[in-house]
file input10.pdb (PDB, C-alpha atoms, pLDDT in the B column)
MODEL        1
ATOM      1  CA  MET A   1       0.000   0.000   0.000  1.00 77.00           C
ATOM      2  CA  LEU A   2       1.243   3.460  -0.865  1.00 83.00           C
ATOM      3  CA  MET A   3      -0.288   6.583   0.614  1.00 86.00           C
ATOM      4  CA  ASP A   4       0.983  10.152   0.637  1.00 90.00           C
ATOM      5  CA  MET A   5      -0.832  12.869   2.514  1.00 88.00           C
ATOM      6  CA  VAL A   6      -0.081  16.520   3.198  1.00 90.00           C
ATOM      7  CA  THR A   7      -2.009  18.191   5.989  1.00 88.00           C
ATOM      8  CA  SER A   8      -2.248  21.952   5.728  1.00 88.00           C
ATOM      9  CA  LYS A   9      -3.472  22.426   9.300  1.00 89.00           C
ATOM     10  CA  THR A  10      -2.684  20.906  12.668  1.00 92.00           C
ATOM     11  CA  ILE A  11      -5.040  18.063  13.586  1.00 91.00           C
ATOM     12  CA  HIS A  12      -6.462  18.763  17.044  1.00 92.00           C
ATOM     13  CA  ARG A  13      -8.475  16.670  19.457  1.00 92.00           C
ATOM     14  CA  GLY A  14     -12.105  16.354  18.423  1.00 94.00           C
ATOM     15  CA  LEU A  15     -11.430  14.976  14.938  1.00 94.00           C
ATOM     16  CA  LYS A  16     -13.865  12.126  14.321  1.00 96.00           C
ATOM     17  CA  VAL A  17     -13.984   9.482  11.621  1.00 95.00           C
ATOM     18  CA  LEU A  18     -16.954   7.533  10.298  1.00 97.00           C
ATOM     19  CA  ILE A  19     -15.550   4.170   9.187  1.00 94.00           C
ATOM     20  CA  ASP A  20     -17.900   2.286   6.878  1.00 96.00           C
ATOM     21  CA  THR A  21     -16.872  -1.292   6.009  1.00 93.00           C
ATOM     22  CA  GLN A  22     -18.702  -2.967   3.125  1.00 95.00           C
ATOM     23  CA  ILE A  23     -18.392  -6.225   1.175  1.00 94.00           C
ATOM     24  CA  SER A  24     -19.298  -6.863  -2.448  1.00 93.00           C
ATOM     25  CA  LEU A  25     -21.438  -9.900  -3.078  1.00 84.00           C
ATOM     26  CA  ASP A  26     -21.433  -9.430  -6.863  1.00 82.00           C
ATOM     27  CA  LYS A  27     -17.778  -8.819  -7.829  1.00 77.00           C
ATOM     28  CA  GLY A  28     -17.609  -5.101  -7.095  1.00 68.00           C
ATOM     29  CA  ARG A  29     -20.831  -3.906  -8.727  1.00 82.00           C
ATOM     30  CA  SER A  30     -22.525  -3.128  -5.423  1.00 92.00           C
ATOM     31  CA  TYR A  31     -21.554  -3.286  -1.773  1.00 95.00           C
ATOM     32  CA  GLN A  32     -23.404  -4.276   1.390  1.00 94.00           C
ATOM     33  CA  ARG A  33     -22.573  -2.630   4.711  1.00 95.00           C
ATOM     34  CA  ILE A  34     -21.039  -4.871   7.349  1.00 93.00           C
ATOM     35  CA  ILE A  35     -20.420  -2.248  10.002  1.00 92.00           C
ATOM     36  CA  ALA A  36     -20.240   1.536  10.295  1.00 95.00           C
ATOM     37  CA  HIS A  37     -19.015   3.355  13.369  1.00 94.00           C
ATOM     38  CA  ILE A  38     -17.924   6.872  14.358  1.00 96.00           C
ATOM     39  CA  LEU A  39     -14.661   7.014  16.307  1.00 92.00           C
ATOM     40  CA  ASP A  40     -12.677   9.759  18.037  1.00 93.00           C
ATOM     41  CA  THR A  41      -9.502   9.737  15.909  1.00 89.00           C
ATOM     42  CA  CYS A  42      -7.116  11.065  18.568  1.00 87.00           C
ATOM     43  CA  GLY A  43      -8.653   8.788  21.183  1.00 85.00           C
ATOM     44  CA  VAL A  44      -8.150   5.740  18.970  1.00 83.00           C
ATOM     45  CA  VAL A  45      -4.549   6.675  18.152  1.00 79.00           C
ATOM     46  CA  SER A  46      -3.651   7.147  21.815  1.00 77.00           C
ATOM     47  CA  SER A  47      -5.425   3.962  22.987  1.00 80.00           C
ATOM     48  CA  VAL A  48      -4.444   1.682  20.087  1.00 75.00           C
ATOM     49  CA  ARG A  49      -1.100   0.949  21.746  1.00 69.00           C
ATOM     50  CA  THR A  50      -2.941  -1.306  24.222  1.00 70.00           C
ATOM     51  CA  SER A  51      -5.778  -2.646  22.065  1.00 69.00           C
ATOM     52  CA  THR A  52      -6.280  -5.584  19.733  1.00 63.00           C
ATOM     53  CA  PHE A  53      -5.207  -3.322  16.857  1.00 71.00           C
ATOM     54  CA  LYS A  54      -1.723  -2.790  18.355  1.00 78.00           C
ATOM     55  CA  SER A  55      -0.062  -5.153  15.842  1.00 78.00           C
ATOM     56  CA  TRP A  56      -1.699  -3.282  12.913  1.00 79.00           C
ATOM     57  CA  PHE A  57      -0.625   0.097  14.225  1.00 82.00           C
ATOM     58  CA  ASP A  58       2.934  -1.027  15.053  1.00 84.00           C
ATOM     59  CA  SER A  59       3.233  -2.488  11.545  1.00 84.00           C
ATOM     60  CA  MET A  60       2.014   0.786  10.006  1.00 86.00           C
ATOM     61  CA  LEU A  61       4.536   2.762  12.091  1.00 87.00           C
ATOM     62  CA  ARG A  62       7.356   0.637  10.637  1.00 90.00           C
ATOM     63  CA  HIS A  63       6.228   1.589   7.105  1.00 93.00           C
ATOM     64  CA  GLY A  64       5.236   5.212   7.651  1.00 93.00           C
ATOM     65  CA  ASN A  65       5.712   8.336   9.684  1.00 92.00           C
ATOM     66  CA  PHE A  66       2.384   8.666  11.488  1.00 85.00           C
ATOM     67  CA  MET A  67       2.163  10.486  14.790  1.00 83.00           C
ATOM     68  CA  VAL A  68       1.301   8.499  17.897  1.00 82.00           C
ATOM     69  CA  ASN A  69      -0.557  11.287  19.705  1.00 84.00           C
ATOM     70  CA  CYS A  70      -2.477  14.517  19.134  1.00 87.00           C
ATOM     71  CA  PRO A  71      -2.139  17.272  18.143  1.00 91.00           C
ATOM     72  CA  VAL A  72      -0.629  16.229  14.804  1.00 90.00           C
ATOM     73  CA  PRO A  73       1.361  19.082  13.239  1.00 94.00           C
ATOM     74  CA  ALA A  74       0.706  20.100   9.640  1.00 93.00           C
ATOM     75  CA  GLY A  75       3.075  18.282   7.309  1.00 94.00           C
ATOM     76  CA  HIS A  76       3.753  15.356   4.987  1.00 95.00           C
ATOM     77  CA  TYR A  77       2.761  11.866   6.132  1.00 92.00           C
ATOM     78  CA  PHE A  78       3.182   8.598   4.256  1.00 94.00           C
ATOM     79  CA  LEU A  79       2.609   4.858   4.336  1.00 92.00           C
ATOM     80  CA  ASN A  80       4.799   2.899   1.934  1.00 94.00           C
ATOM     81  CA  GLY A  81       4.964  -0.856   1.392  1.00 90.00           C
ATOM     82  CA  TRP A  82       2.518  -1.755   4.166  1.00 87.00           C
ATOM     83  CA  LYS A  83       0.625  -5.020   3.845  1.00 83.00           C
ATOM     84  CA  LEU A  84      -1.779  -6.406   6.414  1.00 77.00           C
ATOM     85  CA  ASP A  85      -0.409  -9.692   7.747  1.00 74.00           C
ATOM     86  CA  SER A  86      -2.876 -12.532   7.186  1.00 74.00           C
ATOM     87  CA  GLN A  87      -2.556 -13.476  10.880  1.00 76.00           C
ATOM     88  CA  SER A  88      -3.923 -10.025  11.798  1.00 74.00           C
ATOM     89  CA  VAL A  89      -7.143 -10.285   9.770  1.00 76.00           C
ATOM     90  CA  PRO A  90     -10.168 -10.792  12.047  1.00 75.00           C
ATOM     91  CA  HIS A  91     -11.443 -14.367  11.705  1.00 77.00           C
ATOM     92  CA  TYR A  92     -15.027 -13.203  11.130  1.00 78.00           C
ATOM     93  CA  LEU A  93     -14.162 -11.464   7.826  1.00 82.00           C
ATOM     94  CA  LEU A  94     -15.003 -13.681   4.883  1.00 85.00           C
ATOM     95  CA  PRO A  95     -12.895 -13.753   1.718  1.00 88.00           C
ATOM     96  CA  GLY A  96     -14.191 -11.192  -0.770  1.00 90.00           C
ATOM     97  CA  ASP A  97     -14.005  -7.691  -2.225  1.00 93.00           C
ATOM     98  CA  TYR A  98     -14.155  -4.988   0.432  1.00 93.00           C
ATOM     99  CA  ARG A  99     -14.608  -1.236   0.394  1.00 94.00           C
ATOM    100  CA  VAL A 100     -13.689   0.722   3.506  1.00 93.00           C
ATOM    101  CA  SER A 101     -14.472   4.419   3.546  1.00 95.00           C
ATOM    102  CA  ALA A 102     -13.260   6.840   6.187  1.00 94.00           C
ATOM    103  CA  HIS A 103     -15.040  10.200   6.483  1.00 96.00           C
ATOM    104  CA  PHE A 104     -13.065  12.577   8.755  1.00 94.00           C
ATOM    105  CA  PHE A 105     -14.811  15.572  10.310  1.00 96.00           C
ATOM    106  CA  TYR A 106     -15.161  17.871  13.303  1.00 96.00           C
ATOM    107  CA  GLY A 107     -18.532  18.583  14.923  1.00 96.00           C
ATOM    108  CA  LYS A 108     -21.683  16.518  14.478  1.00 95.00           C
ATOM    109  CA  HIS A 109     -21.963  14.231  11.446  1.00 95.00           C
ATOM    110  CA  LYS A 110     -24.595  15.203   8.846  1.00 93.00           C
ATOM    111  CA  SER A 111     -25.488  18.445  10.566  1.00 95.00           C
ATOM    112  CA  LYS A 112     -24.875  22.134   9.941  1.00 94.00           C
ATOM    113  CA  ARG A 113     -22.127  21.898  12.570  1.00 94.00           C
ATOM    114  CA  GLU A 114     -20.147  19.301  10.597  1.00 95.00           C
ATOM    115  CA  ASP A 115     -16.757  20.581   9.408  1.00 94.00           C
ATOM    116  CA  PHE A 116     -15.579  18.141   6.700  1.00 93.00           C
ATOM    117  CA  VAL A 117     -11.846  17.348   6.628  1.00 91.00           C
ATOM    118  CA  LEU A 118     -11.128  14.309   4.429  1.00 89.00           C
ATOM    119  CA  GLU A 119     -12.763  11.388   2.630  1.00 92.00           C
ATOM    120  CA  LEU A 120     -10.656   8.267   2.107  1.00 90.00           C
ATOM    121  CA  VAL A 121     -11.765   5.086   0.309  1.00 93.00           C
ATOM    122  CA  VAL A 122      -9.747   1.859   0.284  1.00 89.00           C
ATOM    123  CA  TYR A 123     -10.584  -1.168  -1.854  1.00 90.00           C
ATOM    124  CA  ALA A 124      -9.192  -4.504  -0.693  1.00 88.00           C
ATOM    125  CA  LEU A 125      -9.367  -8.114  -1.812  1.00 88.00           C
ATOM    126  CA  LEU A 126      -9.300 -10.661   0.998  1.00 87.00           C
ATOM    127  CA  GLN A 127      -8.408 -14.119  -0.276  1.00 85.00           C
ATOM    128  CA  ALA A 128      -8.661 -17.473   1.488  1.00 80.00           C
ATOM    129  CA  THR A 129      -5.303 -19.028   2.305  1.00 71.00           C
TER     130      THR A 129
ENDMDL
END
call {"tool": "encode", "arguments": {"input": "input10.pdb", "output": "structure tokens"}}
result
Amino acid sequence: MLMDMVTSKTIHRGLKVLIDTQISLDKGRSYQRIIAHILDTCGVVSSVRTSTFKSWFDSMLRHGNFMVNCPVPAGHYFLNGWKLDSQSVPHYLLPGDYRVSAHFFYGKHKSKREDFVLELVVYALLQAT
């Protein structure tokens, strides 16, 4: 995976992300939601060091230059050559075509108080081993 990102502003506490995970049952023509959840981005980053996602995050840190706490200064951030280890894939995910979207914002989602920051969409193929 290769990702380059330049942030023009400091990322402060309060940044939220709506993560929407979907699977395609018809080879990518349409997707069905598996789970969608809004998370506090800074809270997740600071607590991930002790959670079940620790191995994912540690692996991403070896392949990128992400910050491990907030605030995150404006600058260039990257992820280069990262691949999710098959041992780290949750056992409940079935092989298939996935689409994971991440909608970053401040305020309240889908309201006049929402301040949109970033939309990120990742397509992934999970194969049986």
call {"tool": "resolve_selection", "arguments": {"input": "input10.pdb", "expression": "the PyMOL selection byres ((chain A and resi 8-16) around 8)", "output": "ChimeraX atom specification"}}
result
/A:6-7,17-18,38-42,70-75,104-107
call {"tool": "closest_residue", "arguments": {"input": "input10.pdb", "among": "A:His103, A:Asn69, A:Gln127, A:Phe78", "to": "Asp115 in chain A", "atoms": "all atoms listed in the file"}}
result
A:His103
call {"tool": "closest_residue", "arguments": {"input": "input10.pdb", "among": "A:Ala128, A:Val100, A:Val121, A:Met1", "to": "Gln32 in chain A", "atoms": "all atoms listed in the file"}}
result
A:Val100
call {"tool": "atom_distance", "arguments": {"input": "input10.pdb", "atom1": "CA of Arg33 in chain A", "atom2": "CA of Met5 in chain A"}}
result
26.8 Å
call {"tool": "closest_residue", "arguments": {"input": "input10.pdb", "among": "A:Ile19, A:Met60, A:Val68, A:Ile34", "to": "Ser47 in chain A", "atoms": "all atoms listed in the file"}}
result
A:Val68
call {"tool": "atom_distance", "arguments": {"input": "input10.pdb", "atom1": "CA of Asp97 in chain A", "atom2": "CA of Ile35 in chain A"}}
result
14.8 Å
call {"tool": "atom_distance", "arguments": {"input": "input10.pdb", "atom1": "CA of Ser24 in chain A", "atom2": "CA of His91 in chain A"}}
result
17.8 Å
call {"tool": "residues_near_point", "arguments": {"input": "input10.pdb", "point": "(2.4, 9.3, 4.1)", "cutoff": "8 Å", "atoms": "all atoms listed in the file", "output": "list of chain:residue names"}}
result
A:Leu2, A:Met3, A:Asp4, A:Met5, A:Val6, A:Gly64, A:Asn65, A:Phe66, A:His76, A:Tyr77, A:Phe78, A:Leu79, A:Asn80
call {"tool": "write_last_selection", "arguments": {"input": "input10.pdb", "atoms": "C-alpha atoms", "output": "PDB file, in the coordinates of the input"}}
result
ATOM      1  CA  LEU A   2       1.243   3.460  -0.865  1.00 83.00           C
ATOM      2  CA  MET A   3      -0.288   6.583   0.614  1.00 86.00           C
ATOM      3  CA  ASP A   4       0.983  10.152   0.637  1.00 90.00           C
ATOM      4  CA  MET A   5      -0.832  12.869   2.514  1.00 88.00           C
ATOM      5  CA  VAL A   6      -0.081  16.520   3.198  1.00 90.00           C
ATOM      6  CA  GLY A  64       5.236   5.212   7.651  1.00 93.00           C
ATOM      7  CA  ASN A  65       5.712   8.336   9.684  1.00 92.00           C
ATOM      8  CA  PHE A  66       2.384   8.666  11.488  1.00 85.00           C
ATOM      9  CA  HIS A  76       3.753  15.356   4.987  1.00 95.00           C
ATOM     10  CA  TYR A  77       2.761  11.866   6.132  1.00 92.00           C
ATOM     11  CA  PHE A  78       3.182   8.598   4.256  1.00 94.00           C
ATOM     12  CA  LEU A  79       2.609   4.858   4.336  1.00 92.00           C
ATOM     13  CA  ASN A  80       4.799   2.899   1.934  1.00 94.00           C
TER      14      ASN A  80
END
call {"tool": "closest_residue", "arguments": {"input": "input10.pdb", "among": "A:Trp82, A:Tyr98, A:Phe57, A:Tyr92", "to": "Leu25 in chain A", "atoms": "all atoms listed in the file"}}
result
A:Tyr98
call {"tool": "closest_residue", "arguments": {"input": "input10.pdb", "among": "A:Ala36, A:Leu125, A:Thr50, A:Ser59", "to": "Pro95 in chain A", "atoms": "all atoms listed in the file"}}
result
A:Leu125
call {"tool": "closest_residue", "arguments": {"input": "input10.pdb", "among": "A:Lys54, A:His63, A:Lys83, A:His37", "to": "Leu126 in chain A", "atoms": "only C-alpha atoms"}}
result
A:Lys83
call {"tool": "residues_around", "arguments": {"input": "input10.pdb", "residues": "Arg99 in chain A", "least_positions_apart": "6", "cutoff": "9 Å", "atoms": "all atoms listed in the file", "output": "PDB file with C-alpha atoms, in the coordinates of the input"}}
result
ATOM      1  CA  ASP A  20     -17.900   2.286   6.878  1.00 96.00           C
ATOM      2  CA  THR A  21     -16.872  -1.292   6.009  1.00 93.00           C
ATOM      3  CA  GLN A  22     -18.702  -2.967   3.125  1.00 95.00           C
ATOM      4  CA  ILE A  23     -18.392  -6.225   1.175  1.00 94.00           C
ATOM      5  CA  SER A  24     -19.298  -6.863  -2.448  1.00 93.00           C
ATOM      6  CA  GLY A  28     -17.609  -5.101  -7.095  1.00 68.00           C
ATOM      7  CA  TYR A  31     -21.554  -3.286  -1.773  1.00 95.00           C
ATOM      8  CA  VAL A 121     -11.765   5.086   0.309  1.00 93.00           C
ATOM      9  CA  VAL A 122      -9.747   1.859   0.284  1.00 89.00           C
ATOM     10  CA  TYR A 123     -10.584  -1.168  -1.854  1.00 90.00           C
ATOM     11  CA  ALA A 124      -9.192  -4.504  -0.693  1.00 88.00           C
ATOM     12  CA  LEU A 125      -9.367  -8.114  -1.812  1.00 88.00           C
TER      13      LEU A 125
END
call {"tool": "build_atoms", "arguments": {"input": "input10.pdb", "residues": "range 67-89 of chain A", "atoms": "N, CA and C atoms", "output": "PDB file, in the frame of the given file"}}
result
ATOM      1  N   MET A  67       1.990  10.033  13.411  1.00 83.00           N
ATOM      2  CA  MET A  67       2.163  10.486  14.790  1.00 83.00           C
ATOM      3  C   MET A  67       1.442   9.503  15.714  1.00 83.00           C
ATOM      4  N   VAL A  68       1.914   9.422  16.948  1.00 82.00           N
ATOM      5  CA  VAL A  68       1.301   8.499  17.897  1.00 82.00           C
ATOM      6  C   VAL A  68       0.471   9.227  18.961  1.00 82.00           C
ATOM      7  N   ASN A  69       0.290  10.530  18.789  1.00 84.00           N
ATOM      8  CA  ASN A  69      -0.557  11.287  19.705  1.00 84.00           C
ATOM      9  C   ASN A  69      -1.006  12.585  19.033  1.00 84.00           C
ATOM     10  N   CYS A  70      -1.964  13.248  19.646  1.00 87.00           N
ATOM     11  CA  CYS A  70      -2.477  14.517  19.134  1.00 87.00           C
ATOM     12  C   CYS A  70      -1.997  15.638  20.025  1.00 87.00           C
ATOM     13  N   PRO A  71      -1.842  16.845  19.519  1.00 91.00           N
ATOM     14  CA  PRO A  71      -2.139  17.272  18.143  1.00 91.00           C
ATOM     15  C   PRO A  71      -1.079  16.785  17.152  1.00 91.00           C
ATOM     16  N   VAL A  72      -1.512  16.641  15.896  1.00 90.00           N
ATOM     17  CA  VAL A  72      -0.629  16.229  14.804  1.00 90.00           C
ATOM     18  C   VAL A  72      -0.292  17.481  14.001  1.00 90.00           C
ATOM     19  N   PRO A  73       0.985  17.865  13.966  1.00 94.00           N
ATOM     20  CA  PRO A  73       1.361  19.082  13.239  1.00 94.00           C
ATOM     21  C   PRO A  73       1.091  18.962  11.738  1.00 94.00           C
ATOM     22  N   ALA A  74       0.841  20.086  11.101  1.00 93.00           N
ATOM     23  CA  ALA A  74       0.706  20.100   9.640  1.00 93.00           C
ATOM     24  C   ALA A  74       1.994  19.554   9.043  1.00 93.00           C
ATOM     25  N   GLY A  75       1.873  18.826   7.939  1.00 94.00           N
ATOM     26  CA  GLY A  75       3.075  18.282   7.309  1.00 94.00           C
ATOM     27  C   GLY A  75       2.777  17.151   6.352  1.00 94.00           C
ATOM     28  N   HIS A  76       3.834  16.462   5.939  1.00 95.00           N
ATOM     29  CA  HIS A  76       3.753  15.356   4.987  1.00 95.00           C
ATOM     30  C   HIS A  76       3.799  14.037   5.754  1.00 95.00           C
ATOM     31  N   TYR A  77       2.828  13.179   5.495  1.00 92.00           N
ATOM     32  CA  TYR A  77       2.761  11.866   6.132  1.00 92.00           C
ATOM     33  C   TYR A  77       2.625  10.819   5.038  1.00 92.00           C
ATOM     34  N   PHE A  78       3.203   9.635   5.287  1.00 94.00           N
ATOM     35  CA  PHE A  78       3.182   8.598   4.256  1.00 94.00           C
ATOM     36  C   PHE A  78       3.061   7.210   4.872  1.00 94.00           C
ATOM     37  N   LEU A  79       2.628   6.288   4.043  1.00 92.00           N
ATOM     38  CA  LEU A  79       2.609   4.858   4.336  1.00 92.00           C
ATOM     39  C   LEU A  79       3.092   4.197   3.061  1.00 92.00           C
ATOM     40  N   ASN A  80       4.189   3.456   3.140  1.00 94.00           N
ATOM     41  CA  ASN A  80       4.799   2.899   1.934  1.00 94.00           C
ATOM     42  C   ASN A  80       5.166   1.434   2.163  1.00 94.00           C
ATOM     43  N   GLY A  81       4.626   0.557   1.333  1.00 90.00           N
ATOM     44  CA  GLY A  81       4.964  -0.856   1.392  1.00 90.00           C
ATOM     45  C   GLY A  81       4.278  -1.627   2.501  1.00 90.00           C
ATOM     46  N   TRP A  82       3.214  -1.070   3.075  1.00 87.00           N
ATOM     47  CA  TRP A  82       2.518  -1.755   4.166  1.00 87.00           C
ATOM     48  C   TRP A  82       1.559  -2.784   3.606  1.00 87.00           C
ATOM     49  N   LYS A  83       1.547  -3.954   4.223  1.00 83.00           N
ATOM     50  CA  LYS A  83       0.625  -5.020   3.845  1.00 83.00           C
ATOM     51  C   LYS A  83       0.115  -5.646   5.134  1.00 83.00           C
ATOM     52  N   LEU A  84      -1.181  -5.811   5.227  1.00 77.00           N
ATOM     53  CA  LEU A  84      -1.779  -6.406   6.414  1.00 77.00           C
ATOM     54  C   LEU A  84      -1.417  -7.882   6.465  1.00 77.00           C
ATOM     55  N   ASP A  85      -0.789  -8.299   7.540  1.00 74.00           N
ATOM     56  CA  ASP A  85      -0.409  -9.692   7.747  1.00 74.00           C
ATOM     57  C   ASP A  85      -1.672 -10.545   7.861  1.00 74.00           C
ATOM     58  N   SER A  86      -1.685 -11.678   7.186  1.00 74.00           N
ATOM     59  CA  SER A  86      -2.876 -12.532   7.186  1.00 74.00           C
ATOM     60  C   SER A  86      -3.244 -12.992   8.597  1.00 74.00           C
ATOM     61  N   GLN A  87      -2.280 -13.078   9.494  1.00 76.00           N
ATOM     62  CA  GLN A  87      -2.556 -13.476  10.880  1.00 76.00           C
ATOM     63  C   GLN A  87      -3.308 -12.383  11.644  1.00 76.00           C
ATOM     64  N   SER A  88      -3.285 -11.159  11.119  1.00 74.00           N
ATOM     65  CA  SER A  88      -3.923 -10.025  11.798  1.00 74.00           C
ATOM     66  C   SER A  88      -5.340  -9.751  11.313  1.00 74.00           C
ATOM     67  N   VAL A  89      -5.796 -10.485  10.307  1.00 76.00           N
ATOM     68  CA  VAL A  89      -7.143 -10.285   9.770  1.00 76.00           C
ATOM     69  C   VAL A  89      -8.151 -10.935  10.720  1.00 76.00           C
TER      70      VAL A  89
END
